[in-house]
Amino acid sequence: MLRIPEDALRQAKGLGTTVLDMVGALVVVLDTEGKIIRFNRACEELTGYSQAEVTGRPFFDVLLTPEKSDRIGGLFESFGSGDWPRRYRHHWQSKNGERRLIEWSHSVMMDAEDNVRYVTATGVDVTEQSQLEIFQNLTVEVLALLNRPGREVLAKIAELIQRALEAEAVGIRLREENDFPYFVARGYSADFMEAENFLCAHGEQGCPRDGSQRLECLCGCVIEGTVNREKSYFTEGGSFFSNHASELSFDGDIFSFRGRCIKEGYESVAMVPIRNDDEIVGLIQVNDRRPDRFSPVVVWFLEQFGSHVGLAIKHQRAEEALRISEERFRLMAEGVQDVFYVGTPGLKSVLYVNPAYEILFGRSSGSLICDPGSILAAVHPEDRGEVAVGLMETEAVEWRREYRAVRPDGSVRYLDHRVFPIQGTSGEVSFVAGSIIDITERRQAEEKLKDLNEGLESRVQERTVLLEKRADQLRALAGELSRTEERERRRLAQILHDVLQQNLAAAKNQIALLRGQSPDPGLARILQQVEGLLAESIQTSRSLTVELSPPILYDSGLAVALEWLSIHMEEKHGLKVEVEAQVEAEPDSEGFRCLLFQAARELLFNIVKHAGVQEAHVRLDLSEDGRAPRLVVSDAGNGFDATGLFERAERPRGFGLFSIQERLELLGGSMRIESNPGQGTRITLHASPDPAGG
């Protein structure tokens with residue numbers, strides 16, 4: 001008689017195991033101490049641990065990164081009191097040390113006395129999605145910096161990269177004569193900088209200056225472009241990266257390999273060239289002692305930043321060259337020795353001329369005093385008649401001409417000749433004073449400056465076209481990311497609905513059948529608990545399906561979806577939402593419909609968390625010009641100081657609003673925030689009449 005219940009129990013357990021292994025999501029069953037009871041196949045594939053290796057061990061000791069283990073372990077001790085968050089994210093660390101970001105939700109199974117017996121956690125790997133979001137925001141910040149001049153731009157870019165990658169150290173190398181020292185360095189020790197600052201191979205005579213030197217180590221290979229793309233640690237873009245640098249063997253591929261990064265303990269190393277067209281002008285270097293910090297996607301994004309930085313450097317160097325040229329012109333002009341003379345009106349006689357005349361004209365000063373008309377003999381034949389007439393008119397008015405002069409050696413100089421009348425005590429013009437300036441260099445410099453300006457205008461136009469192209473590409477990427485996110489949400493929701501819910505329902509029915517047939521009350525009670533757990537899992541799956549991708553949004557449109565959202569917010573959070581929606585304001589773009597719906601949900605969550613009210617208002621209509629949809633979310637709650645909000649993006653509220661604004665702007669839309677402490681909040685989202693996210 002005992003065999004039947006045991007068989008039934010084994011059958012039920014086997015069925016539960018099969019169901020969990022069929023599920024694509026990560027599923028972990030824990031006891032009240034956090035020890036692993038069940039570890040499905042998806043978990044095994046992600047972490048490299050088998051069920052047998054982890055069973056009975058606390059999950060926070062096995063799977064969490066060291067910096068998270070103690071904190072999560074302490075938090076787990078308070079789970080029974082209901083303090084554990086329903087949804088959360090944290091990193092898992094696999095058997096080989098790889099870190100993956102997992103988004104979790106959980107449910108509990110209670111015993112007959114309503115005490116927690118088991119915890120079932122369901123997770124989704126969002127590592128790649130998180131990286132794309134990080135680099136999307138980072139790209140926007142980097143592009144916004146590139147038009148600014150100076151060292152501070154590269155320092156800020158290095159800071160942004162370090163923050164986005166959570167890297168220990170970031171450096172940017174730029175050419176200085178024949179070497180590539182660090183222009184910016186963050187996080188490296190003083191000893192490391194002293195040993196690695198210069199890459200040029202130093203012999204007994206030091207670093208050669210004739211351009212024939214070799215650059216040492218991995219940095220030198222990337223900068224010189226001497227990478228072997230058949231090696232797994234080099235990319236098609238000419239970069240090097242490894243997540244386990246101490247395990248690599250280069251077999252003589254690297255000229256004078258120093259290995260300082262490995263000696264310093266850096267396991268994750270990335271070196272990306274900074275390109276100016278086809279020329280490599282520098283290097284972005286990222287180091288971390290933790291393994292598995294970089295992926296091909298990360299390195300690809302860094303290569304794009306390298307191209308952007310190279311373009312910015314090219315622009316800054318062109319501006320610097322122009323500035324230097326203008327400064328040289330100024331110094332040259334100030335250093336010219338001017339001719340000065342005094343004579344009678346009409347230059348009938350010359351009373352005085354300074355020695356500069358001899359230098360400029362190549363004739364003695366005495367020759368001009370003896371024969372004032374000899375000055376005309378030095379004027380170019382084509383200009384002589386105009387100059388002769390002008391000099392005769394200097395009896396009462398100021399005169400000025402630019403003309404050419406021919407020196408005795410045949411060289412031609414451009415001159416700026418000015419004559420000023422000098423009145424005597426009787427009011428009549430008694431004398432004239434003249435100055436002659438050699439403007440040959442100025443004329444030549446003007447021609448050069450004209451050529452430089454034309455060249456610079458051409459480069460600016462090329463840069464503008466390139467930046468516009470980059471902006472278009474970024475908007476297209478943002479649209480594609482938005483569409484990809486929605487497709488992935490719908491795909492996951494479809495899997496949850498068509499696969500997971502059906503499997504769980506089938507399992508529940510089988511358990512119910514077994515419970516009805518079991519004569520053993522103890523076994524029947526266990527089966528009833530399993531049945532209850534499956535029912536709760538079905539409900540959780542249904543809720544997750546709707547939250548991931550509400551079918552009503554795609555079937556009935558944004559206006560109806562907002563009505564559904566108002567009911568959902570009141571049922572889950574007690575927030576009563578009044579919705580006004582105009583049918584004609586329905587966005588044509590599915591991407592914008594999804595973005596506005598998600599933004600409305602995020603803003604209503606903000607009201608629940610921060611506003612301190614139980615009511616909110618949502619209005620969907622058209623903008624004043626009637627061209628584009630507009631969504632307004634408002635409340636009469638606490639409000640906040642919106643001044644400089646996005647400069648204080650470390651605040652959760654500020655970060656969420658910043659994310660909405662950036663996604664809207666990338667798709668051609670905009671956001672306006674109106675709020676003051678104690679005066680409520682009104683946030684208006686404008687869609688684009690021609691969205692990139694359609």
# chains A, B, ... in the order shown; residues from 1 in each chain; ligands from 1
$ residues_around --residues "range 571-580 of chain A" --least-positions-apart "4" --cutoff "9 Å" --atoms "only C-alpha atoms" --output "list in words"
Ala559, Leu562, Glu563, Leu565, Ser566, Ile567, Leu604, Phe605, Ile607, Val608, Val613, Gln614, Glu615, Ala616, His617, Val618, Arg619, Leu620 and Asp621 of chain A
$ select_by_dssp --residues "range 302-424 of chain A" --states "helix (DSSP H, G or I)" --output "PyMOL selection string"
chain A and resi 302-334+345-347+356-361+365-370+374-377+381-392
$ residues_around --residues "range 257-262 of chain A" --least-positions-apart "3" --cutoff "7 Å" --atoms "only C-alpha atoms" --output "number ranges by chain"
A: 216-218, 245-246, 254, 265-267
$ select_by_dssp --residues "range 230-390 of chain A" --states "strand (DSSP E)" --output "count of residues only"
31
$ atom_distance --atom1 "CA of Ala535 in chain A" --atom2 "CA of Asp520 in chain A"
22.1 Å
$ closest_residue --among "A:Met193, A:Val62, A:Cys219, A:Val299" --to "Asn243 in chain A" --atoms "only C-alpha atoms"
A:Val299
$ residues_around --residues "Phe183 in chain A" --least-positions-apart "6" --cutoff "6 Å" --atoms "only C-alpha atoms" --output "list in words"
Ile172, Arg173 and Leu174 of chain A
$ write_last_selection --atoms "N, CA and C atoms" --output "CSV table (one decimal), in the first residue's frame"
chain,number,residue,atom,x,y,z
A,172,ILE,N,44.0,57.8,-21.4
A,172,ILE,CA,43.9,58.2,-22.8
A,172,ILE,C,45.3,58.7,-23.2
A,173,ARG,N,46.0,58.0,-24.2
A,173,ARG,CA,47.3,58.4,-24.6
A,173,ARG,C,47.2,59.2,-25.9
A,174,LEU,N,48.0,60.2,-26.1
A,174,LEU,CA,48.1,61.0,-27.3
A,174,LEU,C,49.5,61.2,-27.7
$ residues_around --residues "Gly123 in chain A" --least-positions-apart "4" --cutoff "7 Å" --atoms "only C-alpha atoms" --output "list in words"
Ala25, Leu26, Val27, Ile102, Glu103, Trp104 and Ser105 of chain A
